[in-house]
$ cat target.txt   # compact mmCIF, C-alpha atoms
# COMPACT_ATOMS: atom_id res chain seq x y z
CA TYR T 575 74.93 -36.70 -74.71
CA GLN T 576 73.25 -35.27 -77.76
CA ASN T 577 70.24 -37.18 -79.04
CA THR T 578 71.17 -38.76 -82.36
CA GLY T 579 68.61 -40.98 -84.05
CA ARG T 580 66.76 -43.45 -81.83
CA GLU T 581 68.88 -42.96 -78.75
CA ARG T 582 67.95 -45.03 -75.71
CA TYR T 583 68.97 -44.74 -72.10
CA HIS T 584 68.90 -47.85 -69.93
CA ASP T 585 68.32 -48.61 -66.25
CA PHE T 586 68.42 -45.07 -64.86
CA TYR T 587 67.03 -43.20 -67.85
CA ARG T 588 64.23 -43.45 -70.37
CA THR T 589 63.80 -46.46 -72.64
CA CYS T 590 62.29 -45.92 -76.09
CA SER T 591 60.98 -48.38 -78.66
CA GLY T 592 63.11 -51.07 -80.23
CA PRO T 593 64.93 -54.17 -78.98
CA VAL T 594 66.74 -53.42 -75.73
CA PRO T 595 69.94 -55.20 -74.68
CA GLN T 596 69.61 -57.46 -71.67
CA SER T 597 70.30 -55.29 -68.62
CA TYR T 598 70.96 -56.41 -65.09
CA PRO T 599 69.48 -54.77 -61.97
CA GLY T 600 71.48 -53.78 -58.94
CA ILE T 601 73.91 -51.23 -60.38
CA ASP T 602 73.23 -48.31 -58.09
CA ARG T 603 75.28 -45.49 -56.57
CA ARG T 604 77.25 -47.97 -54.45
CA TYR T 605 79.21 -49.30 -57.43
CA CYS T 606 82.11 -47.09 -56.30
CA THR T 607 82.76 -49.50 -53.39
CA MET T 608 82.22 -52.90 -55.02
CA ASN T 609 85.04 -55.46 -55.21
CA ASP T 610 83.98 -57.58 -58.20
CA PRO T 611 82.98 -56.71 -61.77
CA VAL T 612 79.32 -56.70 -62.78
CA ILE T 613 77.71 -57.13 -66.19
CA HIS T 614 75.66 -53.98 -66.73
CA ALA T 615 74.14 -54.85 -70.14
CA GLU T 616 74.84 -57.25 -73.00
CA THR T 617 73.76 -58.69 -76.33
CA ASP T 618 75.07 -61.67 -78.27
CA GLU T 619 77.67 -59.30 -79.79
CA TRP T 620 78.97 -57.27 -76.86
CA ALA T 621 78.91 -56.76 -73.10
CA LEU T 622 79.18 -53.66 -70.94
CA VAL T 623 80.96 -54.39 -67.67
CA VAL T 624 81.40 -52.26 -64.54
CA LYS T 625 85.05 -52.54 -63.43
CA PRO T 626 85.93 -51.96 -59.76
CA HIS T 627 88.78 -49.83 -58.43
CA GLY T 628 92.15 -51.57 -58.32
CA MET T 629 91.53 -54.18 -61.02
CA PRO T 630 93.66 -53.96 -64.20
CA THR T 631 91.60 -53.94 -67.37
CA ALA T 632 93.99 -55.95 -69.54
CA PRO T 633 96.79 -58.46 -68.96
CA VAL T 634 100.42 -57.74 -69.71
CA SER T 635 101.25 -61.40 -70.35
CA ASP T 636 99.47 -64.60 -71.40
CA GLY T 637 97.46 -66.34 -68.71
CA GLU T 638 97.53 -63.44 -66.26
CA GLU T 639 94.72 -63.67 -63.73
CA GLY T 640 93.13 -60.89 -61.71
CA THR T 641 92.29 -58.66 -64.69
CA LEU T 642 88.88 -57.62 -65.92
CA LEU T 643 89.48 -59.46 -69.18
CA ALA T 644 90.39 -62.71 -67.37
CA TRP T 645 87.21 -62.42 -65.29
CA PHE T 646 85.19 -61.92 -68.46
CA LEU T 647 86.78 -64.78 -70.42
CA ASN T 648 86.14 -67.19 -67.55
CA ARG T 649 82.44 -66.48 -68.10
CA TYR T 650 82.50 -66.18 -71.89
CA PRO T 651 85.28 -68.53 -73.10
CA ARG T 652 84.37 -68.13 -76.79
CA ALA T 653 85.25 -64.43 -76.56
CA ALA T 654 88.90 -65.52 -76.29
CA GLU T 655 88.78 -66.17 -80.04
CA VAL T 656 88.31 -62.46 -80.77
CA SER T 657 91.40 -60.70 -82.11
CA GLY T 658 91.88 -57.18 -80.77
CA ARG T 659 94.53 -54.49 -81.11
CA LYS T 660 96.86 -56.76 -79.19
CA ARG T 661 96.53 -60.52 -79.29
CA ILE T 662 96.20 -60.88 -75.52
CA GLU T 663 93.55 -58.14 -75.27
CA CYS T 664 90.92 -60.09 -77.26
CA GLY T 665 87.70 -58.05 -77.51
CA LEU T 666 88.57 -55.11 -75.25
CA VAL T 667 87.24 -52.07 -77.10
CA HIS T 668 88.90 -49.64 -74.69
CA ARG T 669 90.70 -49.68 -71.36
CA LEU T 670 90.47 -47.96 -67.99
CA ASP T 671 93.38 -47.22 -65.70
CA THR T 672 93.66 -49.72 -62.86
CA ALA T 673 92.63 -47.07 -60.32
CA THR T 674 89.55 -45.99 -62.31
CA ALA T 675 86.16 -47.66 -61.74
CA GLY T 676 83.33 -47.79 -64.25
CA LEU T 677 82.08 -48.95 -67.63
CA VAL T 678 84.17 -51.00 -70.07
CA LEU T 679 82.88 -52.22 -73.46
CA ILE T 680 83.95 -55.72 -74.56
CA ALA T 681 83.21 -57.34 -77.94
CA LYS T 682 82.09 -60.98 -77.81
CA THR T 683 82.52 -61.61 -81.55
CA GLN T 684 85.05 -60.69 -84.22
CA ARG T 685 82.34 -58.95 -86.21
CA ALA T 686 81.56 -56.67 -83.28
CA MET T 687 85.24 -55.98 -82.60
CA ASP T 688 85.92 -55.03 -86.22
CA TYR T 689 82.88 -52.74 -86.19
CA PHE T 690 83.85 -51.04 -82.92
CA ARG T 691 87.41 -50.52 -84.15
CA VAL T 692 86.19 -48.58 -87.19
CA LEU T 693 83.65 -46.73 -85.04
CA GLN T 694 86.40 -45.57 -82.69
CA GLU T 695 88.53 -44.31 -85.56
CA ARG T 696 85.55 -42.19 -86.62
CA ASP T 697 85.00 -40.80 -83.10
CA GLY T 698 81.80 -42.82 -82.89
CA ILE T 699 82.23 -44.06 -79.30
CA GLU T 700 81.75 -41.38 -76.66
CA LYS T 701 82.79 -42.03 -73.06
CA ARG T 702 81.80 -39.99 -70.04
CA TYR T 703 83.63 -39.55 -66.72
CA THR T 704 82.86 -38.08 -63.30
CA SER T 705 85.82 -36.78 -61.30
CA TYR T 706 86.16 -35.34 -57.78
CA CYS T 707 89.02 -32.85 -57.63
CA ALA T 708 90.93 -31.06 -54.86
CA GLY T 709 94.52 -30.70 -53.70
CA LYS T 710 97.85 -29.58 -55.12
CA PRO T 711 98.58 -30.58 -58.72
CA SER T 712 101.91 -32.24 -59.47
CA PHE T 713 102.29 -29.87 -62.42
CA ILE T 714 100.53 -26.93 -64.08
CA ALA T 715 100.40 -26.45 -67.84
CA GLU T 716 103.13 -24.07 -68.96
CA ASN T 717 101.44 -22.65 -72.05
CA PRO T 718 97.73 -23.53 -72.10
CA PRO T 719 95.55 -21.51 -74.48
CA GLU T 720 93.74 -18.69 -72.73
CA SER T 721 90.36 -20.22 -73.59
CA TYR T 722 91.16 -23.24 -71.38
CA ARG T 723 91.09 -21.10 -68.26
CA THR T 724 87.30 -20.84 -68.43
CA LEU T 725 85.32 -23.99 -67.60
CA PRO T 726 83.20 -25.77 -68.78
CA GLY T 727 84.92 -26.05 -72.13
CA ARG T 728 87.20 -28.21 -74.26
CA VAL T 729 90.85 -29.04 -73.65
CA SER T 730 92.89 -30.40 -76.57
CA SER T 731 96.54 -31.40 -76.59
CA GLN T 732 99.09 -33.93 -77.69
CA PHE T 733 100.80 -35.97 -74.97
CA ARG T 734 104.32 -37.06 -74.12
CA ALA T 735 105.59 -39.59 -71.60
CA TRP T 736 107.14 -38.20 -68.44
CA GLY T 737 109.11 -39.19 -65.36
CA PRO T 738 110.81 -42.35 -64.09
CA GLY T 739 109.65 -45.35 -66.06
CA ARG T 740 107.56 -42.99 -68.20
CA ARG T 741 104.71 -43.65 -65.77
CA GLU T 742 103.18 -40.20 -66.19
CA VAL T 743 102.20 -38.07 -69.17
CA ARG T 744 102.24 -34.35 -69.84
CA PRO T 745 99.93 -32.45 -72.22
CA VAL T 746 101.65 -30.71 -75.11
CA PHE T 747 99.75 -27.63 -76.28
CA PRO T 748 100.24 -25.84 -79.63
CA GLU T 749 102.31 -23.08 -77.97
CA ASP T 750 104.78 -25.66 -76.63
CA ARG T 751 108.05 -26.16 -78.53
CA ARG T 752 107.51 -29.95 -78.30
CA TYR T 753 104.23 -29.72 -80.21
CA ARG T 754 104.34 -31.64 -83.49
CA THR T 755 102.39 -30.42 -86.50
CA ASP T 756 101.91 -34.04 -87.59
CA GLY T 757 100.99 -35.30 -84.11
CA THR T 758 97.60 -36.50 -82.85
CA GLU T 759 95.52 -34.27 -80.59
CA TYR T 760 93.22 -35.66 -77.90
CA THR T 761 90.25 -33.66 -76.62
CA THR T 762 88.60 -33.74 -73.21
CA THR T 763 85.25 -31.95 -73.13
CA ILE T 764 84.43 -30.64 -69.66
CA LEU T 765 80.63 -30.68 -69.68
CA SER T 766 79.97 -29.25 -66.23
CA SER T 767 81.63 -28.13 -63.02
CA GLU T 768 80.04 -27.87 -59.61
CA GLU T 769 81.06 -27.74 -55.98
CA GLY T 770 80.82 -30.88 -53.85
CA SER T 771 82.39 -32.52 -50.82
CA ILE T 772 83.91 -35.81 -49.67
CA ASP T 773 84.05 -36.45 -45.90
CA THR T 774 83.08 -32.79 -45.40
CA ARG T 775 86.11 -31.70 -47.46
CA PRO T 776 85.16 -29.34 -50.27
CA CYS T 777 85.97 -30.42 -53.81
CA SER T 778 85.05 -29.69 -57.41
CA VAL T 779 83.02 -32.24 -59.37
CA PHE T 780 83.66 -32.34 -63.12
CA GLU T 781 81.68 -34.21 -65.77
CA CYS T 782 83.92 -34.91 -68.78
CA SER T 783 83.58 -36.71 -72.09
CA LEU T 784 85.93 -37.90 -74.83
CA THR T 785 85.99 -40.11 -77.91
CA ARG T 786 89.53 -41.24 -78.73
CA GLY T 787 91.48 -41.40 -75.50
CA PHE T 788 95.13 -41.35 -74.46
CA ARG T 789 96.63 -42.89 -71.33
CA HIS T 790 95.77 -40.76 -68.26
CA GLN T 791 94.07 -38.20 -70.52
CA VAL T 792 91.37 -36.93 -68.15
CA ARG T 793 93.70 -37.08 -65.16
CA ALA T 794 96.47 -35.13 -66.88
CA HIS T 795 94.19 -32.55 -68.50
CA LEU T 796 92.46 -31.72 -65.21
CA CYS T 797 95.79 -31.58 -63.39
CA ALA T 798 97.21 -29.25 -66.03
CA LEU T 799 94.32 -26.87 -65.36
CA GLY T 800 94.94 -26.97 -61.60
CA HIS T 801 92.29 -29.56 -60.66
CA PRO T 802 94.00 -32.85 -59.68
CA ILE T 803 91.72 -35.80 -58.91
CA ILE T 804 91.45 -36.85 -55.27
CA GLY T 805 93.35 -40.07 -54.64
CA ASP T 806 95.50 -39.75 -57.80
CA THR T 807 98.97 -40.74 -56.61
CA LEU T 808 100.62 -39.58 -59.84
CA TYR T 809 99.10 -36.15 -60.38
CA ASN T 810 97.98 -34.99 -56.92
CA ARG T 811 100.43 -34.02 -54.17
CA ASP T 812 97.64 -33.96 -51.57
CA PHE T 813 94.71 -36.33 -50.95
CA THR T 814 96.59 -39.38 -52.23
CA THR T 815 95.12 -41.95 -49.83
CA GLY T 816 92.11 -44.10 -50.60
CA PRO T 817 90.69 -44.85 -54.05
CA MET T 818 91.11 -42.46 -56.94
CA HIS T 819 87.84 -40.61 -57.42
CA LEU T 820 87.54 -40.93 -61.19
CA TYR T 821 84.60 -42.93 -62.54
CA ALA T 822 83.74 -43.96 -66.10
CA THR T 823 80.02 -43.30 -65.78
CA GLY T 824 78.76 -43.25 -69.37
CA ILE T 825 79.24 -44.58 -72.86
CA SER T 826 77.42 -44.14 -76.16
CA PHE T 827 77.85 -46.17 -79.37
CA SER T 828 75.85 -47.63 -82.23
CA ASP T 829 75.02 -51.33 -82.03
CA PRO T 830 77.05 -53.42 -84.52
CA GLU T 831 73.97 -55.41 -85.56
CA SER T 832 71.00 -53.03 -85.41
CA ARG T 833 72.97 -49.76 -85.88
CA VAL T 834 70.72 -48.23 -83.20
CA GLN T 835 72.44 -45.75 -80.90
CA GLU T 836 72.90 -47.21 -77.43
CA SER T 837 73.65 -44.91 -74.48
CA PHE T 838 74.31 -45.90 -70.88
CA LEU T 839 74.82 -43.53 -67.98
CA LEU T 840 75.47 -44.55 -64.38
CA PRO T 841 74.48 -42.17 -61.58
CA GLN T 842 77.14 -40.21 -59.76
CA PRO T 843 78.75 -42.50 -57.17
CA ASP T 844 77.50 -42.26 -53.61
CA LYS T 845 80.20 -40.45 -51.67
CA THR T 846 78.43 -41.05 -48.36
CA ILE T 847 79.27 -44.80 -48.43
CA ARG T 848 82.62 -45.97 -47.03

$ encode --input "target.txt" --output "structure tokens"
Amino acid sequence: YQNTGRERYHDFYRTCSGPVPQSYPGIDRRYCTMNDPVIHAETDEWALVVKPHGMPTAPVSDGEEGTLLAWFLNRYPRAAEVSGRKRIECGLVHRLDTATAGLVLIAKTQRAMDYFRVLQERDGIEKRYTSYCAGKPSFIAENPPESYRTLPGRVSSQFRAWGPGRREVRPVFPEDRRYRTDGTEYTTTILSSEEGSIDTRPCSVFECSLTRGFRHQVRAHLCALGHPIIGDTLYNRDFTTGPMHLYATGISFSDPESRVQESFLLPQPDKTIR
């Protein structure tokens, strides 16, 4: 992240002056294997929750249990009064795919939700992801710009639904005939790339960031460039067993009350723990 104003990092990074949200100890590199959500930090206006693998973020119908939002509302019943983009999503500021673990921001009050909604529209909420990639991609971009072949860098595209049940997406680049001049582009910034390993198998580790996100954006962009995420059953033809190794490790936003920039960054997950 770039330092903007009085930026503060919590838990694993430096803490500067000013009121600090209540943070909870115990979020370490083993969060990649936990089974239940954990509150990472919170104020009276919002909460930052670590979602485990395999738990849906939002319900698809009223009263659905087993989602991150249901878990949260059982602990903060008044947050059910918040009106979000969809009525049943309450204060969810953003969502993670069911198979993705990591940080989710939830508004506790309508004031906070309204503020975060405007902030998102202005690209004021930055999210950061760590991905472990190896295997055979389910597709390769047909016409990616030449500049996308060199990483780190930025990847921008529109998206279209794909496949049975429209379960997948495909990036649409400007050179593609399906590209719409009035369509919305979504950008994934690949901040770094390094070599790593999981169970002695070599892989590439990418740190990515984005502001406004589209469904499966990071997964599809990396796949299009030939780097499918390990454990991704939709976009990887190899290494599809076990959890998907995509983690929402960071988020940065300004507080709806103080307007101070808040930044949180989890460590890379511990790949030695099974």

$ residues_near_point --input "target.txt" --point "(81.5, -48.2, -80.5)" --cutoff "10 Å" --atoms "all atoms listed in the file" --output "ChimeraX atom specification"
/T:667-668,679-681,686-701,785,825-830,835-836

$ closest_residue --input "target.txt" --among "T:Thr683, T:Ala632, T:Ala621, T:Leu799" --to "Ser721 in chain T" --atoms "all atoms listed in the file"
T:Leu799

$ residues_around --input "target.txt" --residues "Gly805 in chain T" --least-positions-apart "3" --cutoff "12 Å" --atoms "all atoms listed in the file" --output "PDB file with C-alpha atoms, in the coordinates of the input"
ATOM      1  CA  HIS T 627      88.780 -49.830 -58.430  1.00  0.00           C
ATOM      2  CA  ALA T 673      92.630 -47.070 -60.320  1.00  0.00           C
ATOM      3  CA  THR T 674      89.550 -45.990 -62.310  1.00  0.00           C
ATOM      4  CA  SER T 705      85.820 -36.780 -61.300  1.00  0.00           C
ATOM      5  CA  TYR T 706      86.160 -35.340 -57.780  1.00  0.00           C
ATOM      6  CA  CYS T 707      89.020 -32.850 -57.630  1.00  0.00           C
ATOM      7  CA  ALA T 708      90.930 -31.060 -54.860  1.00  0.00           C
ATOM      8  CA  GLY T 709      94.520 -30.700 -53.700  1.00  0.00           C
ATOM      9  CA  LYS T 710      97.850 -29.580 -55.120  1.00  0.00           C
ATOM     10  CA  PRO T 711      98.580 -30.580 -58.720  1.00  0.00           C
ATOM     11  CA  ILE T 772      83.910 -35.810 -49.670  1.00  0.00           C
ATOM     12  CA  ARG T 793      93.700 -37.080 -65.160  1.00  0.00           C
ATOM     13  CA  PRO T 802      94.000 -32.850 -59.680  1.00  0.00           C
ATOM     14  CA  LEU T 808     100.620 -39.580 -59.840  1.00  0.00           C
ATOM     15  CA  TYR T 809      99.100 -36.150 -60.380  1.00  0.00           C
ATOM     16  CA  ASN T 810      97.980 -34.990 -56.920  1.00  0.00           C
ATOM     17  CA  ARG T 811     100.430 -34.020 -54.170  1.00  0.00           C
ATOM     18  CA  ASP T 812      97.640 -33.960 -51.570  1.00  0.00           C
ATOM     19  CA  PHE T 813      94.710 -36.330 -50.950  1.00  0.00           C
ATOM     20  CA  THR T 814      96.590 -39.380 -52.230  1.00  0.00           C
ATOM     21  CA  THR T 815      95.120 -41.950 -49.830  1.00  0.00           C
ATOM     22  CA  GLY T 816      92.110 -44.100 -50.600  1.00  0.00           C
ATOM     23  CA  PRO T 817      90.690 -44.850 -54.050  1.00  0.00           C
ATOM     24  CA  MET T 818      91.110 -42.460 -56.940  1.00  0.00           C
ATOM     25  CA  HIS T 819      87.840 -40.610 -57.420  1.00  0.00           C
ATOM     26  CA  LEU T 820      87.540 -40.930 -61.190  1.00  0.00           C
TER      27      LEU T 820
END

$ closest_residue --input "target.txt" --among "T:Glu639, T:Glu781, T:Glu742, T:Asp756" --to "Thr823 in chain T" --atoms "all atoms listed in the file"
T:Glu781

$ atom_distance --input "target.txt" --atom1 "CA of Val624 in chain T" --atom2 "CA of His790 in chain T"
18.8 Å

$ axis_aligned_box --input "target.txt" --around "range 807-822 of chain T" --padding-each-side "3 Å" --output "JSON"
{"center_x": 92.2, "center_y": -39.4, "center_z": -58.0, "size_x": 22.9, "size_y": 16.9, "size_z": 22.3}

$ closest_residue --input "target.txt" --among "T:Phe780, T:Phe788, T:Tyr753, T:Tyr760" --to "Gln842 in chain T" --atoms "all atoms listed in the file"
T:Phe780

$ closest_residue --input "target.txt" --among "T:Gly800, T:Gly727, T:Gly676, T:Gly757" --to "Ser778 in chain T" --atoms "all atoms listed in the file"
T:Gly800

$ closest_residue --input "target.txt" --among "T:Gly787, T:Pro748, T:Pro843, T:Gly824" --to "His614 in chain T" --atoms "all atoms listed in the file"
T:Gly824

$ closest_residue --input "target.txt" --among "T:Ala654, T:Cys664, T:Val678, T:Cys797" --to "Ser712 in chain T" --atoms "all atoms listed in the file"
T:Cys797

$ atom_distance --input "target.txt" --atom1 "CA of Phe646 in chain T" --atom2 "CA of Ile662 in chain T"
13.1 Å

$ atom_distance --input "target.txt" --atom1 "CA of Pro626 in chain T" --atom2 "CA of Ala735 in chain T"
26.1 Å
